[in-house]
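Asker: I am attaching a structure below and will ask some questions about it afterwards.
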Amino acid sequence: MNRKTLVLPAVVGLLAPVLAACGGSDGADQGGDAIVVGTTDRFAASQEAPAPLDPASAYDAGAWNVLRQTIQTLVTLPRGGGEPVPEAAETCSFTDAGNERYSCKLREGLTFSNGDELTAEDVKFSIDRTMRIKDSNGPVGLLANIDTVETRGEREVVFHLHSPDATFPYKLATPAAGIVNEADYPGDKVRKGFDVSGSGPYSVQTEVEDNQVVKLNFSANSDYKGSLKLKNEKVVMRSFADPDTMGKALESGEVDLMTRTISPQQIKKYTGDQVEKIRLVEMPGLEIRYLGFNTDDPKADKAIRQAMGYLIDRGTLTSKVYGTAAEPLYSLVPTTITGHTNSFFNQYGEQPDPAKAKAALQQAGIDTPVELTLNYTTDHYGQGTEAEFKEISRQLDASGLFKTDIKGTGWDKFRAAQVKGDYPVFGMGWFPDFPDADNFLAPFLDKDNFLSSPYSNKNIQNKLIPASRREADRSAAADPIKQMQDIVAQDVPVLPLWQGKQYVAARDDIIGVEWALDSSSNIQLWELDRGVSS
């Protein structure tokens, strides 16, 4: 097989396979060696985050990639993208014209991994539990529009919404709506530690050292009933401290495939035939990076935020730090999502404009240089983060209008401090819960938002978000979606920086690699199989 980079077409809602298998079986791996997947995602329990794998608490890409394999949802996104399809459910649909009542009928014979029957009451318990716990770092915002959950017999569950929401099925496809067993998960508090149990395609056993997961052993669930088709019996996910260590394990054959996070240097290294038996697959991605602000902090005054908008050169930032793995982003909504508009480009231009930045600061009576600390996390978004913040600092300081320093903190402490409002300026990333413009806007702008931001715009919260959600045809929601992007560019509660591509590097005897990730960076272990090395 030619091992040069293989690129999948970036078509919204469609990921068409372009790889030919080197060989292998058509069915599931019949109990052979486990496929070993490497990741730099870290799973650690701390006082601030005692339940990293509880669906009521977990809200990061790494944890969700564990939960998607083990805990079922009523619906799931189909293999190549598009609207959600039934998973634990047999059928699901809106039952009113206004998109305010959504009903699902469960499949027959569903059971949890301990053999307990899974019924509509378990669905209600799980949803109510997440809403009751209301973890400030968790995904409860995705369920905030639910008014009540009603059960009708053992197999039907009905969701009554506060307001119309055509995107609600997408939210039910996320681990926020994962179905858990009351016997394993307390109803009013999180399940501490690393145990995970559900009715999904795999069961999992974790290996822990120093209160941190080092290995997750996934085994096919023989009692699983759902829409996913498993092509293997066993997968091991190993957590590595850094991409370099993970890459060495891939090259030695200890690891069969690696995903998050592949460094820009490794992308260059694995492109072409430079490393024997390793192939790199490039896929469309929806990851974004941005600067967030505590808008109540005088050090993050609106004029300061706007001045940063005039000064940051996204093109130079991405090319210097990430090469071809990222591209400039001028909105919270990525370029490949319906409704995207280049609001920040229109407001601030492509090239730095120190004169306009200076005018914004002078008009607000802010003395220069503005002294500012740029906070970032050292261990959550990959090796390039420190270099990224050094470049942002350099660009701001070069204007003479800022005097900045940077400070890196581990994710568990960083996230807790960010939520409390300790940082005037901080760097974050976003992997969407589902591929819709709503999921790049509402989590940052709605009440009880993901960032715990004090920024509030009543027009967005009370008018534009509800208006966009009423439209089942998402292209018809373009006007309110555009208005929200324009308001964000004017007020700058967040400052988008770049949109990333995603890559998988694999040994050439692993097939199904082209389906290993969907556009939202959700890993799909069930797609992997072992073939014959070329």
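Naming scheme: A, B, ... for chains in displayed order of the structure tokens; residues 1 onward per chain; ligands 1 onward as shown.
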If you count only C-alpha atoms, which residues fall within 6 Å of Gly38 (chain A), apart from same-chain ones fewer than 2 positions away, as number ranges by chain?
Answerer: A: 237-238, 258
Asker: Can you list every residue in region 260-423 of chain A that DSSP puts in strand (DSSP E or B), as number ranges by chain?
Answerer: A: 278-283, 288-293, 326-328, 370-377, 402-409
Asker: Suppose we keep C-alpha atoms; can you now write the selection as an mmCIF file, in the first residue's frame?
Answerer:
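Now in again.cif:
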```cif
data_model
loop_
_atom_site.group_PDB
_atom_site.id
_atom_site.type_symbol
_atom_site.label_atom_id
_atom_site.label_comp_id
_atom_site.auth_asym_id
_atom_site.auth_seq_id
_atom_site.Cartn_x
_atom_site.Cartn_y
_atom_site.Cartn_z
ATOM 1 C CA ILE A 278 2.910 3.630 8.985
ATOM 2 C CA ARG A 279 0.213 5.524 7.108
ATOM 3 C CA LEU A 280 -1.339 8.871 7.930
ATOM 4 C CA VAL A 281 -4.989 9.642 7.251
ATOM 5 C CA GLU A 282 -6.221 13.229 7.148
ATOM 6 C CA MET A 283 -9.902 13.804 7.891
ATOM 7 C CA ILE A 288 -11.603 25.129 17.061
ATOM 8 C CA ARG A 289 -9.288 27.097 19.335
ATOM 9 C CA TYR A 290 -10.073 30.465 20.838
ATOM 10 C CA LEU A 291 -9.258 32.943 23.561
ATOM 11 C CA GLY A 292 -11.885 33.308 26.277
ATOM 12 C CA PHE A 293 -12.325 36.272 28.606
ATOM 13 C CA ALA A 326 -4.757 24.299 11.047
ATOM 14 C CA GLU A 327 -6.236 27.247 9.221
ATOM 15 C CA PRO A 328 -7.308 30.721 10.408
ATOM 16 C CA VAL A 370 -1.674 46.940 28.674
ATOM 17 C CA GLU A 371 -0.121 44.436 31.077
ATOM 18 C CA LEU A 372 -1.763 41.055 30.650
ATOM 19 C CA THR A 373 -1.177 37.387 31.466
ATOM 20 C CA LEU A 374 -2.274 34.877 28.828
ATOM 21 C CA ASN A 375 -3.248 31.611 30.536
ATOM 22 C CA TYR A 376 -3.160 28.231 28.808
ATOM 23 C CA THR A 377 -3.346 24.558 29.781
ATOM 24 C CA PHE A 402 0.626 45.321 25.197
ATOM 25 C CA LYS A 403 3.109 43.875 27.618
ATOM 26 C CA THR A 404 2.179 40.238 28.086
ATOM 27 C CA ASP A 405 3.427 37.094 29.701
ATOM 28 C CA ILE A 406 2.135 33.552 29.452
ATOM 29 C CA LYS A 407 1.346 31.029 32.166
ATOM 30 C CA GLY A 408 0.715 27.301 31.705
ATOM 31 C CA THR A 409 -1.272 25.157 34.168
#
```
Asker: What gap, in Å, lies between CA of Gly138 (chain A) and CA of Val36 (chain A)?
Answerer: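 One can read the CA of Gly138 (chain A) to CA of Val36 (chain A) distance as 28.8 Å.
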Asker: What's the separation between CA of Lys413 (chain A) and CA of Ser452 (chain A), in Å to one decimal place?
Answerer: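 CA of Ser452 (chain A) lies 15.5 Å from CA of Lys413 (chain A).
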Asker: With only C-alpha atoms as the counted atoms, please give the residues lying no more than 8 Å from Ser103 (chain A), apart from itself and same-chain residues fewer than 5 positions off, as a ChimeraX atom specification.
Answerer: /A:92-95,156-159
Asker: For the selection you just gave me, I'd like the residues written to a file as a PDB file, in the first residue's frame, keeping C-alpha atoms.
Answerer:
```
ATOM      1  CA  CYS A  92     -37.652   8.411  17.628  1.00  0.00           C
ATOM      2  CA  SER A  93     -39.433  11.476  16.290  1.00  0.00           C
ATOM      3  CA  PHE A  94     -41.011  14.800  17.108  1.00  0.00           C
ATOM      4  CA  THR A  95     -44.708  14.235  17.707  1.00  0.00           C
ATOM      5  CA  GLU A 156     -41.679   4.636  25.570  1.00  0.00           C
ATOM      6  CA  VAL A 157     -40.139   7.885  26.788  1.00  0.00           C
ATOM      7  CA  VAL A 158     -41.392  11.374  25.900  1.00  0.00           C
ATOM      8  CA  PHE A 159     -39.404  14.590  26.273  1.00  0.00           C
TER       9      PHE A 159
END
```
Asker: For a quick check of understanding, using only C-alpha atoms, which of A:Gln363, A:Thr70, A:Gln499, A:Thr338 has the smallest distance to Asp479 (chain A)?
Answerer: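 With only C-alpha atoms as the atom set, the closest residue is A:Thr338.
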Asker: DSSP on the backbone, helix (DSSP H, G or I) only: what residues of region 17-264 of chain A does that give? Format it as a PyMOL selection string.
Answerer: chain A and resi 61-70+120-133+140-143+168-172+175-177+243-252+264
Asker: Using only C-alpha atoms, which residues sit within 10 Å of Arg469 (chain A) once same-chain residues fewer than 5 positions away are excluded, as a list of chain:residue names?
Answerer: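 Once the adjacent positions are removed, what remains is A:Asn99, A:Ser163, A:Pro164, A:Asp165, A:Ala166, A:Thr167, A:Phe168, A:Asp438, A:Leu464, A:Arg474, A:Ala477, A:Pro480, A:Ile481.
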Asker: Quick one: residues within 10 Å of region 79-86 of chain A, only C-alpha atoms counted, chain neighbours fewer than 3 positions away excluded, as a PyMOL selection string?
Answerer: chain A and resi 11-17+73-76+89-93+104-107+167-173+226-228+434-435+515+517-520+524+527
Asker: Pick out the closest residue to Pro243 (chain A) from this set: A:Gly421, A:Gly384, A:Gly323, A:Gly512. Count only C-alpha atoms.
Answerer: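 Smallest separation from Pro243 (chain A) among the options: A:Gly384.
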Asker: Identify, on the basis of only C-alpha atoms, every residue whose closest approach to Asn346 (chain A) does not exceed 10 Å; exclude the query and any residue fewer than 3 positions from it along the same chain; express the result as a PyMOL selection string.
Answerer: chain A and resi 330+341-343+349-350+486+489
Asker: Using only C-alpha atoms, which protein or nucleic acid residues come within 12 Å of region 267-271 of chain A? Drop anything in the same chain fewer than 4 positions from it, and give the result as an MDAnalysis selection string.
Answerer: chainID A and resid 2:7 243:244 247 250:251 258:263 275:282 322:326 501:507
Asker: Keeping N, CA and C atoms, export the residues of the selection given above as a CSV table (one decimal), in the first residue's frame.
Answerer:
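Writing done, so here's part.csv:
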```csv
chain,number,residue,atom,x,y,z
A,2,ASN,N,0.5,2.3,-0.8
A,2,ASN,CA,1.1,3.5,-0.7
A,2,ASN,C,0.9,4.2,0.6
A,3,ARG,N,1.9,4.5,1.3
A,3,ARG,CA,1.7,5.1,2.7
A,3,ARG,C,1.8,6.6,2.7
A,4,LYS,N,1.6,7.3,1.6
A,4,LYS,CA,1.6,8.7,1.8
A,4,LYS,C,0.2,9.2,2.3
A,5,THR,N,0.2,10.4,2.7
A,5,THR,CA,-1.0,10.9,3.4
A,5,THR,C,-2.3,10.7,2.5
A,6,LEU,N,-3.3,10.2,3.1
A,6,LEU,CA,-4.6,10.0,2.5
A,6,LEU,C,-5.6,11.0,3.0
A,7,VAL,N,-6.2,11.8,2.1
A,7,VAL,CA,-7.1,12.8,2.5
A,7,VAL,C,-8.5,12.5,2.2
A,243,PRO,N,3.0,13.2,22.6
A,243,PRO,CA,2.9,12.5,21.3
A,243,PRO,C,4.2,11.8,20.9
A,244,ASP,N,5.3,12.3,21.4
A,244,ASP,CA,6.6,11.7,21.0
A,244,ASP,C,6.7,10.2,21.5
A,247,GLY,N,4.3,8.1,19.6
A,247,GLY,CA,4.8,7.9,18.2
A,247,GLY,C,5.8,6.8,18.2
A,250,LEU,N,4.0,3.5,18.4
A,250,LEU,CA,3.4,3.2,17.1
A,250,LEU,C,4.5,2.6,16.2
A,251,GLU,N,5.6,3.2,16.1
A,251,GLU,CA,6.7,2.8,15.2
A,251,GLU,C,7.3,1.4,15.6
A,258,MET,N,-2.8,5.7,16.4
A,258,MET,CA,-2.9,6.8,17.4
A,258,MET,C,-3.7,7.9,16.8
A,259,THR,N,-4.4,8.6,17.7
A,259,THR,CA,-5.2,9.7,17.3
A,259,THR,C,-4.8,11.0,18.0
A,260,ARG,N,-5.6,11.4,19.0
A,260,ARG,CA,-5.3,12.6,19.7
A,260,ARG,C,-4.2,12.3,20.7
A,261,THR,N,-3.1,13.2,20.7
A,261,THR,CA,-2.9,14.3,19.8
A,261,THR,C,-1.7,14.0,19.0
A,262,ILE,N,-1.8,14.1,17.7
A,262,ILE,CA,-0.6,14.0,16.8
A,262,ILE,C,0.0,15.4,16.6
A,263,SER,N,1.3,15.5,16.9
A,263,SER,CA,2.0,16.8,16.8
A,263,SER,C,2.2,17.2,15.3
A,275,VAL,N,8.3,6.6,7.0
A,275,VAL,CA,8.3,5.6,8.1
A,275,VAL,C,7.6,4.3,7.6
A,276,GLU,N,8.4,3.2,7.6
A,276,GLU,CA,7.9,2.0,7.1
A,276,GLU,C,6.7,1.5,7.9
A,277,LYS,N,5.7,1.0,7.1
A,277,LYS,CA,4.5,0.4,7.7
A,277,LYS,C,3.5,1.3,8.4
A,278,ILE,N,3.8,2.6,8.3
A,278,ILE,CA,2.9,3.6,9.0
A,278,ILE,C,2.2,4.5,7.9
A,279,ARG,N,0.9,4.7,8.0
A,279,ARG,CA,0.2,5.5,7.1
A,279,ARG,C,-0.5,6.6,7.9
A,280,LEU,N,-0.7,7.7,7.3
A,280,LEU,CA,-1.3,8.9,7.9
A,280,LEU,C,-2.6,9.2,7.2
A,281,VAL,N,-3.7,9.3,7.9
A,281,VAL,CA,-5.0,9.6,7.3
A,281,VAL,C,-5.4,11.0,7.7
A,282,GLU,N,-5.7,11.9,6.8
A,282,GLU,CA,-6.2,13.2,7.1
A,282,GLU,C,-7.7,13.2,7.0
A,322,TYR,N,1.4,25.4,13.6
A,322,TYR,CA,0.7,24.1,13.2
A,322,TYR,C,0.9,23.7,11.7
A,323,GLY,N,1.5,24.6,10.9
A,323,GLY,CA,1.7,24.2,9.5
A,323,GLY,C,0.4,24.1,8.8
A,324,THR,N,0.3,22.9,8.1
A,324,THR,CA,-0.9,22.7,7.3
A,324,THR,C,-2.0,22.0,8.2
A,325,ALA,N,-1.8,21.8,9.5
A,325,ALA,CA,-2.8,21.1,10.3
A,325,ALA,C,-3.9,22.0,10.8
A,326,ALA,N,-3.8,23.3,10.6
A,326,ALA,CA,-4.8,24.3,11.0
A,326,ALA,C,-4.9,25.4,10.0
A,501,LYS,N,-7.5,20.5,11.4
A,501,LYS,CA,-7.8,19.2,10.8
A,501,LYS,C,-7.6,18.1,11.8
A,502,GLN,N,-7.9,16.9,11.5
A,502,GLN,CA,-7.6,15.8,12.4
A,502,GLN,C,-7.0,14.7,11.6
A,503,TYR,N,-6.1,14.0,12.3
A,503,TYR,CA,-5.3,12.9,11.7
A,503,TYR,C,-5.3,11.6,12.5
A,504,VAL,N,-5.2,10.5,11.8
A,504,VAL,CA,-5.0,9.2,12.4
A,504,VAL,C,-3.7,8.6,11.8
A,505,ALA,N,-2.8,8.2,12.6
A,505,ALA,CA,-1.7,7.4,12.1
A,505,ALA,C,-1.8,6.0,12.6
A,506,ALA,N,-1.6,5.0,11.6
A,506,ALA,CA,-1.9,3.6,11.9
A,506,ALA,C,-0.9,2.7,11.3
A,507,ARG,N,-0.6,1.6,11.9
A,507,ARG,CA,0.1,0.5,11.2
A,507,ARG,C,-0.7,0.0,10.0
```
